[in-house]
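Next up, input-v1.txt (compact mmCIF, C-alpha atoms and all ligand atoms):
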# COMPACT_ATOMS: atom_id res chain seq x y z
CA MET A 10 7.29 -9.13 -5.72
CA ILE A 11 7.86 -7.17 -2.50
CA LYS A 12 10.77 -8.09 -0.26
CA ILE A 13 11.38 -6.28 3.01
CA ASP A 14 14.57 -7.04 4.94
CA ASN A 15 15.28 -5.92 8.48
CA ILE A 16 13.49 -2.57 8.21
CA VAL A 17 13.94 0.02 10.95
CA ALA A 18 11.72 3.12 10.73
CA GLY A 19 10.03 5.72 12.88
CA TYR A 20 8.54 9.19 12.87
CA THR A 21 11.01 10.92 15.20
CA PRO A 22 14.78 10.35 15.45
CA GLU A 23 14.55 9.03 19.04
CA VAL A 24 11.85 6.37 18.56
CA ASP A 25 11.95 3.33 16.28
CA ILE A 26 8.46 2.02 15.53
CA LEU A 27 9.57 -0.78 13.18
CA LYS A 28 12.50 -2.63 14.70
CA GLY A 29 13.85 -5.04 12.14
CA ILE A 30 10.80 -6.21 10.18
CA SER A 31 11.20 -8.67 7.31
CA LEU A 32 8.45 -9.78 4.91
CA HIS A 33 8.28 -11.43 1.49
CA VAL A 34 5.19 -11.05 -0.73
CA ASP A 35 5.09 -12.99 -3.98
CA LYS A 36 3.40 -11.88 -7.18
CA ALA A 37 -0.43 -12.18 -6.90
CA GLU A 38 -0.15 -13.10 -3.25
CA ILE A 39 -2.54 -11.27 -0.89
CA VAL A 40 -1.21 -10.64 2.60
CA THR A 41 -3.12 -9.33 5.62
CA LEU A 42 -1.26 -7.69 8.49
CA LEU A 43 -2.87 -8.44 11.82
CA GLY A 44 -2.01 -6.96 15.20
CA PRO A 45 -3.25 -4.78 18.05
CA ASN A 46 -3.82 -1.03 17.73
CA GLY A 47 -0.58 0.87 17.51
CA CYS A 48 1.65 -2.14 16.78
CA GLY A 49 2.86 -0.60 13.51
CA LYS A 50 0.74 -2.05 10.67
CA SER A 51 0.11 1.33 9.02
CA THR A 52 3.70 2.38 9.66
CA LEU A 53 4.92 -0.69 7.77
CA LEU A 54 2.60 0.06 4.84
CA LYS A 55 3.71 3.72 4.79
CA THR A 56 7.34 2.59 4.76
CA ILE A 57 6.76 0.14 1.90
CA ALA A 58 4.95 2.90 -0.03
CA GLY A 59 7.72 5.43 0.66
CA VAL A 60 5.59 7.88 2.66
CA LEU A 61 8.11 7.19 5.41
CA LEU A 62 11.70 6.28 4.50
CA PRO A 63 13.45 3.55 6.52
CA ARG A 64 16.50 4.37 8.63
CA SER A 65 18.01 1.01 7.70
CA GLY A 66 17.10 -2.24 5.99
CA THR A 67 16.08 -2.79 2.39
CA ILE A 68 12.86 -2.66 0.36
CA THR A 69 13.16 -4.59 -2.89
CA LEU A 70 10.41 -4.24 -5.49
CA GLU A 71 10.53 -6.51 -8.55
CA GLY A 72 14.21 -7.22 -7.82
CA GLN A 73 15.26 -3.54 -7.56
CA ASP A 74 16.42 -1.86 -4.36
CA ARG A 75 13.84 0.89 -3.74
CA SER A 76 14.60 1.49 -0.06
CA GLN A 77 15.00 5.25 -0.31
CA MET A 78 12.56 5.97 -3.14
CA PRO A 79 9.84 8.42 -2.02
CA VAL A 80 6.15 7.73 -2.53
CA HIS A 81 5.59 9.98 -5.57
CA ARG A 82 8.38 8.18 -7.49
CA LYS A 83 7.19 4.72 -6.42
CA ILE A 84 3.69 5.50 -7.72
CA ARG A 85 5.15 6.54 -11.05
CA HIS A 86 7.95 4.01 -11.54
CA CYS A 87 6.79 0.95 -9.58
CA SER A 88 2.96 1.18 -9.98
CA LEU A 89 2.77 0.95 -6.23
CA GLY A 90 -0.18 2.65 -4.52
CA PHE A 91 -1.17 3.27 -0.95
CA VAL A 92 -4.73 3.89 0.28
CA PRO A 93 -4.51 5.43 3.75
CA GLN A 94 -6.73 4.30 6.61
CA THR A 95 -8.44 7.70 6.97
CA ASP A 96 -8.97 10.67 4.61
CA ASN A 97 -8.65 8.19 1.75
CA VAL A 98 -11.01 9.76 -0.79
CA PHE A 99 -11.63 13.29 -2.05
CA ALA A 100 -15.08 13.89 -0.56
CA ASN A 101 -16.22 16.42 -3.16
CA LEU A 102 -15.33 14.20 -6.14
CA THR A 103 -17.50 11.36 -7.46
CA VAL A 104 -16.42 7.70 -7.13
CA ARG A 105 -15.35 7.70 -10.78
CA GLU A 106 -13.38 10.93 -10.34
CA ASN A 107 -11.63 9.47 -7.30
CA MET A 108 -10.70 6.40 -9.33
CA GLN A 109 -9.36 8.62 -12.10
CA VAL A 110 -7.06 10.33 -9.60
CA GLY A 111 -5.68 6.89 -8.68
CA GLY A 112 -5.13 6.03 -12.35
CA HIS A 113 -3.55 9.38 -13.19
CA TYR A 114 -0.23 7.83 -14.28
CA MET A 115 -1.85 5.11 -16.42
CA PRO A 116 -2.45 5.58 -20.15
CA ALA A 117 -5.98 7.07 -20.45
CA GLN A 118 -7.51 4.07 -22.28
CA ALA A 119 -6.02 1.52 -19.87
CA CYS A 120 -7.31 3.59 -16.94
CA GLN A 121 -10.80 3.70 -18.47
CA ARG A 122 -10.79 -0.09 -19.07
CA ARG A 123 -9.64 -0.82 -15.54
CA MET A 124 -12.30 1.50 -14.07
CA GLU A 125 -15.02 -0.29 -16.04
CA GLN A 126 -13.74 -3.65 -14.78
CA LEU A 127 -13.76 -2.45 -11.19
CA VAL A 128 -17.20 -0.81 -11.19
CA THR A 129 -18.82 -3.90 -12.71
CA MET A 130 -16.98 -6.37 -10.49
CA ARG A 131 -19.15 -8.48 -8.23
CA THR A 132 -18.02 -8.85 -4.67
CA LYS A 133 -18.17 -12.33 -3.21
CA VAL A 134 -19.33 -12.18 0.39
CA CYS A 135 -17.88 -14.95 2.55
CA GLN A 136 -19.37 -15.88 5.88
CA PRO A 137 -16.76 -16.28 8.61
CA ARG A 138 -16.50 -19.86 9.88
CA ARG A 139 -17.91 -20.35 13.35
CA ARG A 140 -15.57 -21.67 15.99
CA PRO A 141 -16.66 -25.07 17.32
N1 LIG B 201 2.58 10.53 12.44
C1 LIG B 201 3.04 9.93 13.56
N2 LIG B 201 3.95 10.55 14.36
C2 LIG B 201 4.42 9.94 15.47
N3 LIG B 201 4.05 8.71 15.89
C3 LIG B 201 3.15 8.06 15.14
C4 LIG B 201 2.59 8.62 13.93
N4 LIG B 201 1.72 7.73 13.39
C5 LIG B 201 1.73 6.67 14.21
N5 LIG B 201 2.57 6.86 15.25
C6 LIG B 201 2.85 5.90 16.33
O1 LIG B 201 3.43 4.74 15.75
C7 LIG B 201 2.97 3.57 16.41
C8 LIG B 201 2.40 2.62 15.38
O2 LIG B 201 1.24 3.23 14.83
P1 LIG B 201 0.48 2.63 13.56
O3 LIG B 201 -0.49 3.68 13.13
O4 LIG B 201 1.47 2.14 12.57
O5 LIG B 201 -0.27 1.39 14.21
P2 LIG B 201 -1.38 0.43 13.58
O6 LIG B 201 -0.91 -0.97 13.84
O7 LIG B 201 -1.65 0.81 12.16
O8 LIG B 201 -2.62 0.76 14.51
P3 LIG B 201 -4.22 0.70 14.17
O9 LIG B 201 -4.62 -0.73 14.36
O10 LIG B 201 -4.81 1.59 15.20
O11 LIG B 201 -4.43 1.19 12.78
C9 LIG B 201 1.99 4.03 17.49
O12 LIG B 201 2.69 4.10 18.73
C10 LIG B 201 1.58 5.43 17.02
O13 LIG B 201 1.27 6.25 18.13
MG MG B 202 -3.36 1.50 11.09
Reformat the file's structure so that it appears as structure tokens.
Amino acid sequence: MIKIDNIVAGYTPEVDILKGISLHVDKAEIVTLLGPNGCGKSTLLKTIAGVLLPRSGTITLEGQDRSQMPVHRKIRHCSLGFVPQTDNVFANLTVRENMQVGGHYMPAQACQRRMEQLVTMRTKVCQPRRRP
């Protein structure tokens, strides 16, 4: 469970990009952030992941306050990952090697099992509904 309360964050001290954002994501719930270019979608994801630390507000993961936990500790202790919008794979590694990097903190056998599941998974393609 991810609970964000009244988050304020930005890249420079003078400018707040997120100005009091709150969001609640339940276990197994899939949420899509929609909005125009530059509205702060990636900034919110970076703040949840701990790439960017909030100036105020709270980020609660599985009931624990993780507001000021940086990304490398969240990956390790909260199994929380972040795939950036660009430069998101190591171009000179294979697909499997890239997946292994992502599963670095998992026990080796569990990582192997999960990789097998993912590479054999069938993707269901849904046609968007036409507007009347
Ligand atoms: N590293 C950075 N340093 C300073 N400002 C930044 C940085 N990254 C993003 N911004 C600014 O933060 C604001 C929000 O950007 P963000 O990338 O979060 O938007 P977005 O909703 O993800 O946009 P897009 O739809 O283009 O992906 C924009 O004004 C952008 O210029
Ligand atoms: Mg973005």
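For ligand MG 202 (chain B), the set of protein, DNA and RNA residues within 10 Å, based on all atoms listed in the file, reads A:Leu42, A:Leu43, A:Gly44, A:Pro45, A:Asn46, A:Gly47, A:Cys48, A:Gly49, A:Lys50, A:Ser51, A:Thr52, A:Leu53, A:Leu54, A:Lys55, A:Pro93, A:Gln94, A:Thr95.
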When distances are computed from only C-alpha atoms and all ligand atoms, which of A:Val24, A:Ala58, A:Cys87, A:Met78 shows the smallest separation from ligand LIG 201 (chain B)?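 Closest residue, counting only C-alpha atoms and all ligand atoms: A:Val24.
Ranking A:Thr129, A:Gln109, A:Asn97, A:Thr69 by their shortest atom-to-atom distance to A:Lys83, with all atoms listed in the file included, puts A:Thr69 first.
Shortest separation to ligand LIG 201 (chain B) among A:Ile39, A:Val80, A:Val34, A:Val60 occurs at residue A:Val60, atoms counted being all atoms listed in the file.
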What separation in Å, quoted to one decimal, exists between atom CA of A:Thr21 and atom O3 of ligand LIG 201 (chain B)?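 Computing it gives 13.7 Å between the two atoms.
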Of the candidates A:Gly66, A:Gly111, A:Pro79, A:Pro22, which shows the shortest atom-to-atom distance to ligand LIG 201 (chain B), using all atoms listed in the file? A:Pro22
Could you work out how far atom CA of A:Gly29 lies from atom O2 of ligand LIG 201 (chain B), giving the answer in Å with one decimal?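 Value for the atom O2 of ligand LIG 201 (chain B)-atom CA of A:Gly29 distance: 15.3 Å.
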With all heavy atoms as the goal, would you fill in the gaps in stretch 81-92 of chain A and present it as a compact mmCIF listing (two decimals), in the frame of the given file?
# COMPACT_ATOMS: atom_id res chain seq x y z
N HIS A 81 6.04 9.49 -4.26
CA HIS A 81 5.59 9.98 -5.57
C HIS A 81 6.36 9.30 -6.71
O HIS A 81 5.84 9.09 -7.79
CB HIS A 81 5.73 11.51 -5.65
CG HIS A 81 7.12 12.01 -5.54
ND1 HIS A 81 7.76 12.14 -4.32
CD2 HIS A 81 8.00 12.42 -6.47
CE1 HIS A 81 8.99 12.60 -4.52
NE2 HIS A 81 9.15 12.77 -5.82
N ARG A 82 7.62 8.88 -6.45
CA ARG A 82 8.38 8.18 -7.49
C ARG A 82 7.98 6.71 -7.55
O ARG A 82 7.96 6.12 -8.62
CB ARG A 82 9.88 8.34 -7.23
CG ARG A 82 10.30 9.81 -7.41
CD ARG A 82 11.79 9.98 -7.55
NE ARG A 82 12.31 9.21 -8.67
CZ ARG A 82 13.42 8.47 -8.61
NH1 ARG A 82 14.11 8.41 -7.50
NH2 ARG A 82 13.82 7.82 -9.66
N LYS A 83 7.61 6.13 -6.40
CA LYS A 83 7.19 4.72 -6.42
C LYS A 83 5.87 4.58 -7.19
O LYS A 83 5.67 3.62 -7.92
CB LYS A 83 7.01 4.19 -4.99
CG LYS A 83 8.31 3.76 -4.36
CD LYS A 83 8.07 2.81 -3.21
CE LYS A 83 9.37 2.44 -2.54
NZ LYS A 83 9.35 2.64 -1.11
N ILE A 84 4.96 5.55 -7.00
CA ILE A 84 3.69 5.50 -7.72
C ILE A 84 3.97 5.49 -9.22
O ILE A 84 3.43 4.70 -9.98
CB ILE A 84 2.80 6.70 -7.35
CG1 ILE A 84 2.34 6.59 -5.90
CG2 ILE A 84 1.61 6.82 -8.29
CD1 ILE A 84 1.70 7.85 -5.36
N ARG A 85 4.88 6.37 -9.62
CA ARG A 85 5.15 6.54 -11.05
C ARG A 85 5.96 5.39 -11.64
O ARG A 85 5.63 4.89 -12.72
CB ARG A 85 5.90 7.87 -11.25
CG ARG A 85 6.09 8.21 -12.68
CD ARG A 85 6.27 9.68 -12.90
NE ARG A 85 5.83 9.99 -14.24
CZ ARG A 85 5.26 11.10 -14.58
NH1 ARG A 85 5.02 12.01 -13.68
NH2 ARG A 85 4.91 11.31 -15.82
N HIS A 86 7.01 4.97 -10.94
CA HIS A 86 7.95 4.01 -11.54
C HIS A 86 7.68 2.56 -11.14
O HIS A 86 8.15 1.66 -11.82
CB HIS A 86 9.39 4.40 -11.19
CG HIS A 86 9.77 5.75 -11.68
ND1 HIS A 86 9.89 6.04 -13.03
CD2 HIS A 86 10.01 6.91 -11.03
CE1 HIS A 86 10.20 7.32 -13.18
NE2 HIS A 86 10.28 7.86 -11.98
N CYS A 87 6.98 2.34 -10.05
CA CYS A 87 6.79 0.95 -9.58
C CYS A 87 5.32 0.57 -9.56
O CYS A 87 4.98 -0.53 -9.08
CB CYS A 87 7.37 0.76 -8.19
SG CYS A 87 9.06 1.34 -8.02
N SER A 88 4.41 1.45 -10.01
CA SER A 88 2.96 1.18 -9.98
C SER A 88 2.52 0.73 -8.59
O SER A 88 1.72 -0.19 -8.44
CB SER A 88 2.57 0.11 -10.98
OG SER A 88 2.92 0.51 -12.27
N LEU A 89 3.10 1.35 -7.59
CA LEU A 89 2.77 0.95 -6.23
C LEU A 89 1.90 2.04 -5.60
O LEU A 89 2.27 3.21 -5.59
CB LEU A 89 4.07 0.76 -5.42
CG LEU A 89 3.89 0.13 -4.05
CD1 LEU A 89 4.99 -0.89 -3.82
CD2 LEU A 89 3.97 1.19 -2.97
N GLY A 90 0.73 1.67 -5.11
CA GLY A 90 -0.18 2.65 -4.52
C GLY A 90 -0.38 2.40 -3.05
O GLY A 90 -0.08 1.32 -2.54
N PHE A 91 -0.91 3.39 -2.38
CA PHE A 91 -1.17 3.27 -0.95
C PHE A 91 -2.49 3.99 -0.65
O PHE A 91 -2.62 5.17 -0.95
CB PHE A 91 -0.02 3.91 -0.17
CG PHE A 91 -0.24 4.01 1.31
CD1 PHE A 91 -0.30 2.86 2.09
CD2 PHE A 91 -0.39 5.24 1.93
CE1 PHE A 91 -0.50 2.95 3.47
CE2 PHE A 91 -0.58 5.34 3.30
CZ PHE A 91 -0.64 4.19 4.07
N VAL A 92 -3.46 3.27 -0.12
CA VAL A 92 -4.73 3.89 0.28
C VAL A 92 -4.70 4.04 1.79
O VAL A 92 -4.70 3.03 2.51
CB VAL A 92 -5.93 3.04 -0.15
CG1 VAL A 92 -7.24 3.71 0.27
CG2 VAL A 92 -5.91 2.79 -1.64
